[in-house]
Amino acid sequence: MNLLRRRGIAFKLSLWVLGGVTLVIAIILTLNYNVTRRLMVEKIEENAFNLAQATANRINSLLKAAEKIPAGVALTIAELDPNDTELKTLLANRLEQNPELFGIAAAFALKPDATDKLKLYSRYYVRSYDRLKESPINYDYRFHDWYQIPKVIDKPLWSEPYFGESGGIVMTSYSTPFYRQKLGTKEFAGIVCVDLSLNWLRNVVSSLKIGETGYAFLITRNGTFVTHPDLDLVMNETIFSVAEARGNPKIREIGRSMIAGEKGFTAFTGLTNNQKYWMAYTPLPANGWSLGVLFPQNELMADIHNLTKNMLGLGLGGFFLIMLVILLVSGKITKPLRALAKSADAIASGNLETAIPTLKTEDEVGRLALSFAGMQQALKEYIKNLTETTAAKERIESELNIAREIQMGILPKIFPAFPNLPEFNLYATIKPAREVGGDLYDFFMIDDQHLCFTVGDVSGKGVPAALFMAITQTLIKTRISRSSTTTLHQVNNDLARDNPSMMFVTLFLGIFNIVTGELEYCNGGHNPPYRLTPGKSEPVQELPTTDGIALGVMDDFAFTAKSITLAPGEALFVFSDGVTEAMNQRDELFTEARLEKILAPLAKQPVREISDQVMQEIEIFADNTPQSDDITILTIRYIGKKRNNDEQTTSKTSPPPCQG
Amino acid sequence: MPKNRPLIRKIFFICLFSLLLTSGVIEAEAGPLKKVTFIPLWVPQAQFAGYYVAHETGIYKEHGLEVEIISGGPQRSSSDYLKDKKADFASLWLVTGLDLCNQGVEVVNLAQIVQRSALMLVAKKSSGILKPADMEGHKVGLWGPPFEIQPKAFFKQYGLTVEPLQQSYSINLFLRDGVAVASAMWYNEYHSILNAGIDPDELTTFFYHEHNLNYPEDGIYVRKETWQQKPDLCRAFVKASLKGWQRAFAEPELALDITMRNLKKEHVISNRTHQKWMLKRMRDIILPPDEQTRIGRLNEEDFKRVTENLKKQNLIEKTPNFNDFYKPPAGE
């Protein structure tokens, strides 16, 4: 199949078309042969039957005519009881009047002679060299078939053929019993018998001309051959002995049908040669013999075979003609295709300057060549554009990267942020998404007792978001006051005022009294942070909401603040929605529930540890799913006045202290 | 090399010739061939293949005999030929031999060739005859002596009254339903019936040997005086004839060729298929069932059964002594 796949269109076209043509020719030839043959056989059957019937009728009428003679003689004898002289005259006259007869006999049952002794009495005349002569019967005829059988079965009968006494001549006899009335009852008195030489019958049968090699044969009621071209069969063999010699039960079956007086038409193998024939057979009603007429199959089929041969020759001629035409046409059609394929190969290997062959035709191939040329042109332009676009994109990307670096640079990144303020520990981290995102965080001291910290998330992505974030970050620093609501109110107004692109930012702002642990916070539509209370039965608590909306949406929105007081050891976990909306491969979200579950055992841990653990969990959960949003975590723990040793440990591994 | 071939051939022929010669010397009487005549029971056919084979392949000559086989047939009765001294040896049925003795013609059985009776009755199943009792009242075709002895005993044995009709040499009376039951020899007429288109399963057969009426048939007979005067001649004839039979069975195609040749010489209407069947059946009824028994032996029990039955039927009065009647060639 692979071999075929690699072949050219011309080859495939030739293969399929010629295969189809061959199939059609084969079907036509077969159908034609079968139909013609059937018609021929039907015709032959009709002819054979006609011939057999005509011949059988001819023979039968001769037999029937011969049957009348002994019947007449028998009647005369029965009625007139002729004396010897009268009987001799009667028989001689009848023989003379009927030249087709070979002999005529009257044979009596035992009859008392002059001395009252029972004696056989018979008279027999035969034809000899065109003259009649008496031929005495010197044997006890009572037990010979021609006398005994009609007597016993009480019916006239044609005998099986036999060699006449004079030898050489095969005869058949028709015997008619005659009767005497004795005391009112019919008593068998003798037989009148006429002999018929079978030579005339043989002549009739052998004179049948059936083509060059056809012939006819005649068999008796016993199946004995009376006539057959093979003289060895005649009189010696029966159709059944031939069947036995051949070991062919089919012949026996046909023979049984023939001697049963049936008519038939059948395929038949020659008895002396192995030629195939069709044979029609029909009985001779007079004596129950059967005539078979054999038509040689090969001779009769010669015409059909010649016709089929001629058609086959024509078919072959047509086949080669079509093959030639297909090869020429397909070669012509595929020539430009081949040229195109060559050009396409060259183009595919990168040589866009390859010339496309110009075609004069406007058929599919011509159109293909035009489209191809168009495609080549388009490809060239596209590649040109692509080169330019790629260069532009690369430039923008590098600029974006710079923007990102600047954006990240805005965020304070040095921890511990306030090494000289032991009242609290703070750690913040951001894991930016691939694109420039809009998360922000910040923390700074307003005065020596109050820490301001923020975590926010700008809507949208990219440079606008980054700029909006930078603006927000700057505005917060500018507008900061001791009141979180005032700060948020002012920043919101600033942002909303000149905001044609309708951007907004969610923001959590907390002002933490590092001495008292009091925290005033205002939430502008941001995720509520968690309050972590180590040792408590529910160590993770969501911070009560302040019902604020995102900044930049609505001018003059009145923000409200809430305040809580953290006990020493308590911590606050502030995060962006990048945490809870992190996705895994199955598009499942990380969710608040999962976050709470993770945070619970971490409540006592140092702030950096909490941050790192959560980040790690998110990474495990995401399992290489590309990060779609920035992830920001800010954790702050109130220590109070007393110094805590574990924070010391963390600071040891941190970079050298530096004022934020 | 080609020069050597004639030499090899010469050696081969010398060996063959000397072999033939020595075997001839052992078997043959010294002196010129002795002329004898033999008449079989009927016209040439495979029933007598052994004799024709012995004649044509030179077996008789090897035994010092110049045999003339007289063709039997309807006009020539072998028992008459033997009785009238027109033939030295004759093939006769055992019952015929016993009948001759009863008539006072002293004959000797030299070999009992056919061991099992092939005589039978045949009926078409369509006539309703399936068992002996079904024959009651039917026309039955019977041949003349000696063929009517077994049928008569058969009908007596089954208490049947039938209408006997003399049957001719053809089977046509039976085929045309002139008789319901016909006499037949298994090796001859039975096969002719089959080859007139009647299938074996359409026929009911009654083999006499299956009805306790096994009368051994063909045997080789000679007048007692011939036996007394020339016992060696008699022995040579029997030995050669038995050899002829053995060769006929060993080489059936040869036997058939010889049979067909002799049959055509006498213008007998027949065919090779029929003769082939006949030869096979002769083998069945001639060869003893066991390997030990020699062919051509007259069983004393068979002899007794036949003589007793013949006496019972009042067909013979005198019964010859077995040892006077049977003179096997080896003098056993």
# chains A, B, ... in the order shown; residues from 1 in each chain; ligands from 1

$ residues_around --residues "stretch 85-97 of chain B" --least-positions-apart "6" --cutoff "6 Å" --atoms "only C-alpha atoms" --output "number ranges by chain"
B: 37-41, 78, 217-222

$ interface_residues --of "chain A" --to "chain B" --cutoff "9 Å" --atoms "only C-alpha atoms" --output "PyMOL selection string"
chain A and resi 143-145+148-153+159-160+221-224+232-233+235-245+252-253+255-256+259

$ residues_around --residues "A:Met323" --least-positions-apart "2" --cutoff "12 Å" --atoms "only C-alpha atoms" --output "list in words"
Ala10, Phe11, Lys12, Leu13, Ser14, Leu15, Trp16, Val17, Leu18, Gly19, Gly20, Val21, Thr22, Gly315, Leu316, Gly317, Gly318, Phe319, Phe320, Leu321, Val325, Ile326, Leu327, Leu328, Val329, Ser330 and Gly331 of chain A

$ closest_residue --among "B:Met282, B:Asn214, B:Ser127, B:Tyr60" --to "B:Phe237" --atoms "only C-alpha atoms"
B:Tyr60

$ closest_residue --among "B:Glu202, B:Ile129, B:Gln112, B:Asn188" --to "B:Leu287" --atoms "only C-alpha atoms"
B:Gln112

$ select_by_dssp --residues "stretch 306-527 of chain A" --states "alpha helix (DSSP H)" --output "VMD selection string"
chain A and resid 306 to 348 364 to 410 462 to 479 484 to 497
